[in-house]
>>> print(open('entry15.cif').read())   # mmCIF, N, CA and C atoms
data_run
#
loop_
_atom_site.label_atom_id
_atom_site.label_comp_id
_atom_site.auth_asym_id
_atom_site.auth_seq_id
_atom_site.Cartn_x
_atom_site.Cartn_y
_atom_site.Cartn_z
N MET A 18 28.05 45.72 1.74
CA MET A 18 26.67 45.37 1.60
C MET A 18 25.93 45.79 2.87
N LYS A 19 24.80 46.42 2.68
CA LYS A 19 24.02 46.89 3.81
C LYS A 19 23.30 45.74 4.49
N ILE A 20 22.96 45.95 5.75
CA ILE A 20 22.23 44.94 6.52
C ILE A 20 20.87 44.69 5.88
N LYS A 21 20.24 45.74 5.38
CA LYS A 21 18.93 45.59 4.74
C LYS A 21 19.04 44.65 3.54
N THR A 22 20.07 44.78 2.75
CA THR A 22 20.28 43.92 1.58
C THR A 22 20.54 42.48 2.02
N LYS A 23 21.35 42.30 3.05
CA LYS A 23 21.64 40.96 3.56
C LYS A 23 20.37 40.28 4.08
N LEU A 24 19.54 41.04 4.77
CA LEU A 24 18.29 40.49 5.29
C LEU A 24 17.35 40.11 4.16
N LEU A 25 17.26 40.93 3.14
CA LEU A 25 16.42 40.62 1.99
C LEU A 25 16.89 39.34 1.29
N ILE A 26 18.19 39.21 1.14
CA ILE A 26 18.75 38.00 0.52
C ILE A 26 18.44 36.78 1.38
N LEU A 27 18.59 36.90 2.68
CA LEU A 27 18.31 35.81 3.60
C LEU A 27 16.82 35.42 3.56
N ILE A 28 15.95 36.42 3.53
CA ILE A 28 14.51 36.15 3.45
C ILE A 28 14.17 35.49 2.12
N LEU A 29 14.76 35.94 1.04
CA LEU A 29 14.52 35.36 -0.28
C LEU A 29 14.98 33.90 -0.33
N ILE A 30 16.16 33.62 0.22
CA ILE A 30 16.66 32.24 0.26
C ILE A 30 15.72 31.36 1.11
N SER A 31 15.28 31.88 2.23
CA SER A 31 14.37 31.13 3.09
C SER A 31 13.04 30.86 2.38
N PHE A 32 12.54 31.85 1.67
CA PHE A 32 11.29 31.69 0.93
C PHE A 32 11.43 30.63 -0.16
N ILE A 33 12.52 30.67 -0.91
CA ILE A 33 12.76 29.69 -1.96
C ILE A 33 12.87 28.28 -1.36
N PHE A 34 13.59 28.17 -0.24
CA PHE A 34 13.74 26.89 0.45
C PHE A 34 12.38 26.35 0.89
N THR A 35 11.53 27.21 1.40
CA THR A 35 10.18 26.82 1.84
C THR A 35 9.35 26.34 0.65
N ILE A 36 9.41 27.04 -0.45
CA ILE A 36 8.66 26.65 -1.66
C ILE A 36 9.14 25.28 -2.14
N VAL A 37 10.44 25.04 -2.14
CA VAL A 37 10.98 23.76 -2.58
C VAL A 37 10.45 22.63 -1.68
N ILE A 38 10.42 22.85 -0.37
CA ILE A 38 9.93 21.84 0.57
C ILE A 38 8.44 21.56 0.33
N VAL A 39 7.65 22.58 0.13
CA VAL A 39 6.22 22.41 -0.11
C VAL A 39 5.98 21.62 -1.40
N VAL A 40 6.68 21.97 -2.46
CA VAL A 40 6.53 21.26 -3.74
C VAL A 40 6.95 19.80 -3.58
N ASP A 41 8.06 19.57 -2.88
CA ASP A 41 8.52 18.21 -2.64
C ASP A 41 7.48 17.39 -1.86
N ASN A 42 6.86 17.99 -0.85
CA ASN A 42 5.82 17.30 -0.08
C ASN A 42 4.63 16.91 -0.96
N PHE A 43 4.21 17.81 -1.83
CA PHE A 43 3.10 17.50 -2.72
C PHE A 43 3.46 16.35 -3.66
N ILE A 44 4.68 16.31 -4.14
CA ILE A 44 5.11 15.23 -5.03
C ILE A 44 5.11 13.90 -4.28
N VAL A 45 5.66 13.88 -3.08
CA VAL A 45 5.71 12.65 -2.28
C VAL A 45 4.30 12.19 -1.93
N PHE A 46 3.45 13.10 -1.49
CA PHE A 46 2.09 12.73 -1.11
C PHE A 46 1.28 12.21 -2.29
N SER A 47 1.51 12.78 -3.48
CA SER A 47 0.78 12.29 -4.65
C SER A 47 1.20 10.88 -5.03
N LYS A 48 2.46 10.51 -4.77
CA LYS A 48 2.93 9.15 -5.05
C LYS A 48 2.41 8.15 -4.03
N MET A 49 2.04 8.62 -2.85
CA MET A 49 1.56 7.74 -1.79
C MET A 49 0.05 7.50 -1.87
N ASP A 50 -0.59 8.04 -2.85
CA ASP A 50 -2.05 7.95 -2.97
C ASP A 50 -2.50 6.50 -2.94
N GLY A 51 -3.34 6.16 -1.99
CA GLY A 51 -3.87 4.81 -1.87
C GLY A 51 -3.05 3.88 -1.00
N ASP A 52 -1.82 4.24 -0.68
CA ASP A 52 -0.99 3.36 0.13
C ASP A 52 -1.55 3.15 1.53
N SER A 53 -2.13 4.18 2.11
CA SER A 53 -2.66 4.04 3.47
C SER A 53 -3.83 3.06 3.50
N ILE A 54 -4.63 3.04 2.45
CA ILE A 54 -5.75 2.10 2.37
C ILE A 54 -5.22 0.68 2.29
N GLN A 55 -4.16 0.48 1.50
CA GLN A 55 -3.58 -0.85 1.39
C GLN A 55 -2.95 -1.29 2.71
N VAL A 56 -2.30 -0.38 3.40
CA VAL A 56 -1.72 -0.71 4.71
C VAL A 56 -2.84 -1.11 5.67
N ASN A 57 -3.96 -0.38 5.64
CA ASN A 57 -5.10 -0.74 6.49
C ASN A 57 -5.66 -2.11 6.13
N ASN A 58 -5.75 -2.41 4.84
CA ASN A 58 -6.26 -3.72 4.41
C ASN A 58 -5.33 -4.85 4.83
N ILE A 59 -4.03 -4.63 4.71
CA ILE A 59 -3.08 -5.65 5.14
C ILE A 59 -3.16 -5.83 6.66
N GLY A 60 -3.32 -4.74 7.39
CA GLY A 60 -3.54 -4.85 8.83
C GLY A 60 -4.84 -5.57 9.14
N GLY A 61 -5.83 -5.39 8.28
CA GLY A 61 -7.10 -6.09 8.45
C GLY A 61 -6.94 -7.60 8.30
N LEU A 62 -6.02 -8.01 7.41
CA LEU A 62 -5.74 -9.44 7.28
C LEU A 62 -5.19 -10.00 8.60
N ARG A 63 -4.29 -9.26 9.20
CA ARG A 63 -3.72 -9.69 10.47
C ARG A 63 -4.80 -9.78 11.54
N ALA A 64 -5.64 -8.76 11.61
CA ALA A 64 -6.71 -8.75 12.61
C ALA A 64 -7.68 -9.92 12.37
N LYS A 65 -8.02 -10.16 11.11
CA LYS A 65 -8.93 -11.28 10.79
C LYS A 65 -8.30 -12.62 11.17
N SER A 66 -6.99 -12.76 10.96
CA SER A 66 -6.35 -14.04 11.29
C SER A 66 -6.38 -14.26 12.81
N TYR A 67 -6.16 -13.20 13.59
CA TYR A 67 -6.26 -13.33 15.05
C TYR A 67 -7.69 -13.68 15.46
N LYS A 68 -8.65 -13.03 14.83
CA LYS A 68 -10.05 -13.26 15.16
C LYS A 68 -10.45 -14.70 14.83
N MET A 69 -10.00 -15.19 13.66
CA MET A 69 -10.33 -16.56 13.27
C MET A 69 -9.71 -17.57 14.24
N ALA A 70 -8.48 -17.32 14.68
CA ALA A 70 -7.84 -18.22 15.65
C ALA A 70 -8.62 -18.23 16.96
N PHE A 71 -9.05 -17.06 17.39
CA PHE A 71 -9.85 -16.96 18.62
C PHE A 71 -11.16 -17.72 18.47
N LEU A 72 -11.84 -17.52 17.35
CA LEU A 72 -13.12 -18.19 17.11
C LEU A 72 -12.95 -19.70 17.02
N ALA A 73 -11.87 -20.15 16.39
CA ALA A 73 -11.61 -21.59 16.30
C ALA A 73 -11.43 -22.19 17.70
N GLU A 74 -10.73 -21.47 18.54
CA GLU A 74 -10.57 -21.94 19.92
C GLU A 74 -11.91 -22.00 20.64
N GLU A 75 -12.75 -20.99 20.42
CA GLU A 75 -14.08 -20.98 21.03
C GLU A 75 -14.93 -22.15 20.54
N ILE A 76 -14.81 -22.48 19.26
CA ILE A 76 -15.57 -23.60 18.70
C ILE A 76 -15.11 -24.91 19.35
N GLN A 77 -13.81 -25.04 19.55
CA GLN A 77 -13.30 -26.26 20.19
C GLN A 77 -13.80 -26.37 21.63
N LYS A 78 -13.92 -25.25 22.31
CA LYS A 78 -14.40 -25.26 23.70
C LYS A 78 -15.89 -25.54 23.77
N ASN A 79 -16.66 -24.92 22.86
CA ASN A 79 -18.11 -25.01 22.91
C ASN A 79 -18.64 -25.17 21.49
N SER A 80 -18.68 -26.40 21.01
CA SER A 80 -19.01 -26.65 19.60
C SER A 80 -20.48 -26.42 19.26
N ALA A 81 -21.33 -26.20 20.24
CA ALA A 81 -22.76 -26.04 19.97
C ALA A 81 -23.13 -24.63 19.52
N GLU A 82 -22.27 -23.68 19.66
CA GLU A 82 -22.58 -22.28 19.32
C GLU A 82 -22.58 -22.06 17.81
N GLU A 83 -23.75 -21.98 17.21
CA GLU A 83 -23.86 -21.75 15.77
C GLU A 83 -23.42 -20.34 15.40
N SER A 84 -23.66 -19.39 16.28
CA SER A 84 -23.28 -18.00 15.97
C SER A 84 -21.76 -17.86 15.84
N ILE A 85 -21.02 -18.62 16.64
CA ILE A 85 -19.55 -18.57 16.55
C ILE A 85 -19.09 -19.19 15.25
N LYS A 86 -19.72 -20.30 14.85
CA LYS A 86 -19.37 -20.94 13.59
C LYS A 86 -19.64 -20.01 12.41
N LYS A 87 -20.79 -19.35 12.45
CA LYS A 87 -21.12 -18.42 11.37
C LYS A 87 -20.14 -17.26 11.32
N GLU A 88 -19.77 -16.77 12.49
CA GLU A 88 -18.81 -15.67 12.55
C GLU A 88 -17.46 -16.09 11.98
N LEU A 89 -17.03 -17.32 12.27
CA LEU A 89 -15.78 -17.83 11.71
C LEU A 89 -15.88 -17.92 10.19
N MET A 90 -16.97 -18.45 9.68
CA MET A 90 -17.16 -18.56 8.22
C MET A 90 -17.16 -17.17 7.57
N ASP A 91 -17.81 -16.20 8.21
CA ASP A 91 -17.84 -14.83 7.67
C ASP A 91 -16.43 -14.23 7.65
N ASN A 92 -15.68 -14.44 8.73
CA ASN A 92 -14.31 -13.94 8.79
C ASN A 92 -13.42 -14.59 7.75
N MET A 93 -13.64 -15.88 7.50
CA MET A 93 -12.88 -16.57 6.45
C MET A 93 -13.16 -15.97 5.08
N ASP A 94 -14.43 -15.70 4.81
CA ASP A 94 -14.81 -15.10 3.52
C ASP A 94 -14.22 -13.70 3.38
N GLU A 95 -14.29 -12.91 4.44
CA GLU A 95 -13.74 -11.55 4.40
C GLU A 95 -12.23 -11.58 4.23
N PHE A 96 -11.55 -12.48 4.94
CA PHE A 96 -10.10 -12.62 4.83
C PHE A 96 -9.72 -12.92 3.39
N GLU A 97 -10.42 -13.88 2.80
CA GLU A 97 -10.12 -14.28 1.43
C GLU A 97 -10.41 -13.15 0.43
N ALA A 98 -11.48 -12.42 0.65
CA ALA A 98 -11.83 -11.30 -0.24
C ALA A 98 -10.77 -10.20 -0.17
N ILE A 99 -10.31 -9.88 1.03
CA ILE A 99 -9.27 -8.86 1.17
C ILE A 99 -7.98 -9.32 0.52
N LEU A 100 -7.60 -10.56 0.79
CA LEU A 100 -6.36 -11.11 0.23
C LEU A 100 -6.39 -11.11 -1.30
N ASN A 101 -7.49 -11.59 -1.87
CA ASN A 101 -7.60 -11.59 -3.33
C ASN A 101 -7.64 -10.17 -3.90
N GLY A 102 -8.29 -9.25 -3.19
CA GLY A 102 -8.33 -7.87 -3.64
C GLY A 102 -6.96 -7.23 -3.66
N LEU A 103 -6.15 -7.51 -2.66
CA LEU A 103 -4.80 -6.94 -2.61
C LEU A 103 -3.91 -7.52 -3.72
N ILE A 104 -4.11 -8.78 -4.03
CA ILE A 104 -3.28 -9.43 -5.05
C ILE A 104 -3.74 -9.05 -6.46
N ASN A 105 -5.04 -9.11 -6.71
CA ASN A 105 -5.57 -8.91 -8.06
C ASN A 105 -6.26 -7.58 -8.29
N GLY A 106 -6.67 -6.93 -7.20
CA GLY A 106 -7.43 -5.70 -7.32
C GLY A 106 -8.89 -6.01 -7.62
N ASN A 107 -9.77 -5.16 -7.13
CA ASN A 107 -11.19 -5.27 -7.45
C ASN A 107 -11.83 -3.90 -7.26
N GLU A 108 -13.16 -3.85 -7.30
CA GLU A 108 -13.82 -2.54 -7.22
C GLU A 108 -13.65 -1.87 -5.86
N LYS A 109 -13.39 -2.65 -4.81
CA LYS A 109 -13.25 -2.08 -3.47
C LYS A 109 -11.80 -1.89 -3.05
N ILE A 110 -10.92 -2.76 -3.53
CA ILE A 110 -9.53 -2.77 -3.08
C ILE A 110 -8.60 -2.64 -4.28
N ASN A 111 -7.70 -1.67 -4.21
CA ASN A 111 -6.70 -1.51 -5.26
C ASN A 111 -5.61 -2.56 -5.12
N LYS A 112 -5.11 -3.02 -6.26
CA LYS A 112 -4.02 -3.99 -6.26
C LYS A 112 -2.77 -3.35 -5.67
N VAL A 113 -2.01 -4.12 -4.90
CA VAL A 113 -0.75 -3.64 -4.34
C VAL A 113 0.20 -3.36 -5.48
N ARG A 114 0.96 -2.27 -5.37
CA ARG A 114 1.83 -1.84 -6.47
C ARG A 114 3.23 -2.47 -6.43
N PHE A 115 3.64 -3.00 -5.30
CA PHE A 115 5.02 -3.45 -5.15
C PHE A 115 5.11 -4.97 -5.34
N ASN A 116 5.95 -5.38 -6.28
CA ASN A 116 6.07 -6.81 -6.61
C ASN A 116 6.50 -7.65 -5.42
N SER A 117 7.40 -7.13 -4.59
CA SER A 117 7.85 -7.91 -3.43
C SER A 117 6.69 -8.17 -2.47
N THR A 118 5.79 -7.21 -2.33
CA THR A 118 4.62 -7.39 -1.46
C THR A 118 3.65 -8.38 -2.08
N ILE A 119 3.47 -8.31 -3.38
CA ILE A 119 2.57 -9.26 -4.07
C ILE A 119 3.10 -10.68 -3.91
N VAL A 120 4.42 -10.86 -4.01
CA VAL A 120 5.01 -12.20 -3.83
C VAL A 120 4.69 -12.73 -2.43
N LYS A 121 4.84 -11.90 -1.41
CA LYS A 121 4.55 -12.32 -0.04
C LYS A 121 3.06 -12.61 0.14
N LEU A 122 2.20 -11.76 -0.45
CA LEU A 122 0.77 -12.00 -0.36
C LEU A 122 0.37 -13.31 -1.05
N LYS A 123 1.03 -13.64 -2.16
CA LYS A 123 0.76 -14.91 -2.83
C LYS A 123 1.20 -16.08 -1.98
N GLU A 124 2.30 -15.93 -1.25
CA GLU A 124 2.74 -16.97 -0.32
C GLU A 124 1.71 -17.15 0.79
N ILE A 125 1.19 -16.04 1.29
CA ILE A 125 0.14 -16.11 2.32
C ILE A 125 -1.10 -16.81 1.76
N LYS A 126 -1.48 -16.45 0.53
CA LYS A 126 -2.65 -17.06 -0.09
C LYS A 126 -2.46 -18.56 -0.27
N ASP A 127 -1.25 -18.94 -0.71
CA ASP A 127 -0.96 -20.36 -0.90
C ASP A 127 -1.06 -21.10 0.43
N ASN A 128 -0.50 -20.55 1.48
CA ASN A 128 -0.58 -21.14 2.82
C ASN A 128 -2.03 -21.19 3.30
N TRP A 129 -2.77 -20.13 3.02
CA TRP A 129 -4.19 -20.07 3.41
C TRP A 129 -4.98 -21.19 2.74
N GLU A 130 -4.79 -21.34 1.43
CA GLU A 130 -5.58 -22.32 0.68
C GLU A 130 -5.17 -23.76 0.95
N LYS A 131 -3.89 -24.01 1.22
CA LYS A 131 -3.42 -25.38 1.39
C LYS A 131 -3.47 -25.87 2.83
N GLU A 132 -3.31 -24.96 3.79
CA GLU A 132 -3.21 -25.40 5.18
C GLU A 132 -4.29 -24.82 6.10
N VAL A 133 -4.38 -23.52 6.14
CA VAL A 133 -5.21 -22.88 7.16
C VAL A 133 -6.70 -23.05 6.88
N LYS A 134 -7.13 -22.70 5.69
CA LYS A 134 -8.55 -22.79 5.35
C LYS A 134 -9.09 -24.22 5.47
N PRO A 135 -8.37 -25.23 4.95
CA PRO A 135 -8.87 -26.60 5.14
C PRO A 135 -8.98 -27.00 6.62
N ASP A 136 -8.04 -26.53 7.43
CA ASP A 136 -8.12 -26.84 8.87
C ASP A 136 -9.35 -26.22 9.51
N TYR A 137 -9.64 -24.97 9.16
CA TYR A 137 -10.84 -24.32 9.69
C TYR A 137 -12.10 -25.03 9.21
N LYS A 138 -12.12 -25.41 7.92
CA LYS A 138 -13.30 -26.12 7.39
C LYS A 138 -13.48 -27.47 8.09
N LYS A 139 -12.37 -28.16 8.32
CA LYS A 139 -12.44 -29.44 9.01
C LYS A 139 -12.96 -29.24 10.43
N LEU A 140 -12.51 -28.20 11.09
CA LEU A 140 -13.00 -27.89 12.44
C LEU A 140 -14.50 -27.64 12.42
N LEU A 141 -14.97 -26.88 11.45
CA LEU A 141 -16.40 -26.59 11.34
C LEU A 141 -17.20 -27.85 11.04
N GLU A 142 -16.68 -28.71 10.16
CA GLU A 142 -17.39 -29.94 9.81
C GLU A 142 -17.42 -30.91 10.98
N ASN A 143 -16.32 -31.03 11.71
CA ASN A 143 -16.24 -31.97 12.82
C ASN A 143 -17.10 -31.55 14.00
N ASN A 144 -17.39 -30.26 14.10
CA ASN A 144 -18.16 -29.76 15.22
C ASN A 144 -19.60 -29.44 14.86
N ASP A 145 -20.03 -29.87 13.66
CA ASP A 145 -21.45 -29.68 13.31
C ASP A 145 -22.30 -30.57 14.19
N SER A 146 -23.37 -29.99 14.68
CA SER A 146 -24.26 -30.73 15.59
C SER A 146 -25.25 -31.56 14.82
#
>>> encode(input="entry15.cif", output="structure tokens")
Amino acid sequence: MKIKTKLLILILISFIFTIVIVVDNFIVFSKMDGDSIQVNNIGGLRAKSYKMAFLAEEIQKNSAEESIKKELMDNMDEFEAILNGLINGNEKINKVRFNSTIVKLKEIKDNWEKEVKPDYKKLLENNDS
């Protein structure tokens, strides 16, 4: 076999391998559609929870600040809207596709509704001027 023939075969194999990789990437990327938005929304829940904890501490330090109380209430509403959107889906947020993630989000929602949210509301009520 001539070197020219061997090189052509090698180039052909490389080309086929490249095409297979490109097609595989398109298939994987099409399955990931929307996942990055959900990851950002879940990260937003974490950020909102940190922000709410910070604001609650600020309210305890200086209960007269109405702007801080309003900001906490707004963050609570946004947190709940994101959480419900991830669990149930809505016009802005697609429902999470993985059942194991939905189970964890429902646990978070249950904890939010039974423990965290009432504590924040109690803090806001106790510090009303």
>>> closest_residue(input="entry15.cif", among="A:Val113, A:Ile33, A:Leu27, A:Ile85", to="Asp52 in chain A", atoms="only C-alpha atoms")
A:Val113
>>> atom_distance(input="entry15.cif", atom1="atom N of Asp94 in chain A", atom2="atom N of Val120 in chain A")
21.4 Å
>>> axis_aligned_box(input="entry15.cif", around="range 77-93 of chain A", padding_each_side="3 Å", output="lines of an AutoDock Vina configuration file")
center_x = -18.4
center_y = -20.3
center_z = 14.4
size_x = 17.0
size_y = 18.7
size_z = 24.7
>>> atom_distance(input="entry15.cif", atom1="atom N of Phe43 in chain A", atom2="atom N of Ser117 in chain A")
25.3 Å
>>> closest_atom_pairs(input="entry15.cif", of="range 60-97 of chain A", to="range 131-141 of chain A", cutoff="8 Å", atoms="all atoms listed in the file", output="Markdown table")
| residue | atom | partner | partner_atom | distance |
| --- | --- | --- | --- | --- |
| A:Ala73 | CA | A:Tyr137 | CA | 7.2 |
| A:Ile76 | C | A:Leu140 | C | 7.5 |
| A:Gln77 | N | A:Leu140 | C | 7.6 |
| A:Lys86 | CA | A:Leu141 | CA | 6.8 |
| A:Met93 | CA | A:Lys134 | CA | 7.7 |
>>> atom_distance(input="entry15.cif", atom1="atom N of Phe46 in chain A", atom2="atom N of Lys121 in chain A")
25.0 Å
>>> select_by_dssp(input="entry15.cif", residues="chain A", states="helix (DSSP H, G or I)", output="MDAnalysis selection string")
chainID A and resid 20:48 52:78 83:105 116:143
>>> residues_near_point(input="entry15.cif", point="(-2.0, -0.1, -8.3)", cutoff="10 Å", atoms="only C-alpha atoms", output="PyMOL selection string")
chain A and resi 50-52+55+103-106+110-115
>>> resolve_selection(input="entry15.cif", expression="the PyMOL selection byres ((chain A and resi 56-65) around 8)", output="list in words")
Gly51, Asp52, Ser53, Ile54, Gln55, Ser66, Tyr67, Lys68, Met69, Ala70, Phe71, Asn92, Met93, Glu95, Phe96, Glu97, Ile99, Leu100 and Leu103 of chain A
>>> closest_residue(input="entry15.cif", among="A:Lys21, A:Lys48, A:Glu142, A:Ser31", to="Met90 in chain A", atoms="only C-alpha atoms")
A:Glu142
>>> decode(input="entry15.cif", residues="range 91-104 of chain A", atoms="N, CA and C atoms", output="mmCIF file, in the first residue's frame")
data_model
loop_
_atom_site.group_PDB
_atom_site.id
_atom_site.type_symbol
_atom_site.label_atom_id
_atom_site.label_comp_id
_atom_site.auth_asym_id
_atom_site.auth_seq_id
_atom_site.Cartn_x
_atom_site.Cartn_y
_atom_site.Cartn_z
ATOM 1 N N ASP A 91 -39.948 41.487 49.969
ATOM 2 C CA ASP A 91 -39.788 41.293 48.523
ATOM 3 C C ASP A 91 -38.960 40.040 48.230
ATOM 4 N N ASN A 92 -37.879 39.849 48.981
ATOM 5 C CA ASN A 92 -37.040 38.665 48.797
ATOM 6 C C ASN A 92 -37.791 37.390 49.140
ATOM 7 N N MET A 93 -38.643 37.448 50.154
ATOM 8 C CA MET A 93 -39.462 36.284 50.505
ATOM 9 C C MET A 93 -40.411 35.930 49.367
ATOM 10 N N ASP A 94 -41.043 36.944 48.790
ATOM 11 C CA ASP A 94 -41.969 36.708 47.667
ATOM 12 C C ASP A 94 -41.228 36.142 46.456
ATOM 13 N N GLU A 95 -40.064 36.700 46.157
ATOM 14 C CA GLU A 95 -39.277 36.223 45.018
ATOM 15 C C GLU A 95 -38.796 34.794 45.247
ATOM 16 N N PHE A 96 -38.342 34.498 46.468
ATOM 17 C CA PHE A 96 -37.893 33.149 46.808
ATOM 18 C C PHE A 96 -39.015 32.151 46.576
ATOM 19 N N GLU A 97 -40.190 32.490 47.087
ATOM 20 C CA GLU A 97 -41.338 31.593 46.953
ATOM 21 C C GLU A 97 -41.762 31.423 45.493
ATOM 22 N N ALA A 98 -41.712 32.491 44.725
ATOM 23 C CA ALA A 98 -42.087 32.421 43.305
ATOM 24 C C ALA A 98 -41.113 31.525 42.531
ATOM 25 N N ILE A 99 -39.824 31.665 42.802
ATOM 26 C CA ILE A 99 -38.835 30.824 42.122
ATOM 27 C C ILE A 99 -39.020 29.368 42.516
ATOM 28 N N LEU A 100 -39.191 29.131 43.812
ATOM 29 C CA LEU A 100 -39.360 27.762 44.308
ATOM 30 C C LEU A 100 -40.597 27.099 43.699
ATOM 31 N N ASN A 101 -41.711 27.807 43.703
ATOM 32 C CA ASN A 101 -42.931 27.250 43.106
ATOM 33 C C ASN A 101 -42.778 27.054 41.600
ATOM 34 N N GLY A 102 -42.085 27.973 40.935
ATOM 35 C CA GLY A 102 -41.861 27.830 39.502
ATOM 36 C C GLY A 102 -41.028 26.605 39.164
ATOM 37 N N LEU A 103 -40.013 26.332 39.962
ATOM 38 C CA LEU A 103 -39.168 25.160 39.718
ATOM 39 C C LEU A 103 -39.933 23.857 39.964
ATOM 40 N N ILE A 104 -40.817 23.872 40.940
ATOM 41 C CA ILE A 104 -41.569 22.653 41.267
ATOM 42 C C ILE A 104 -42.721 22.435 40.286
#
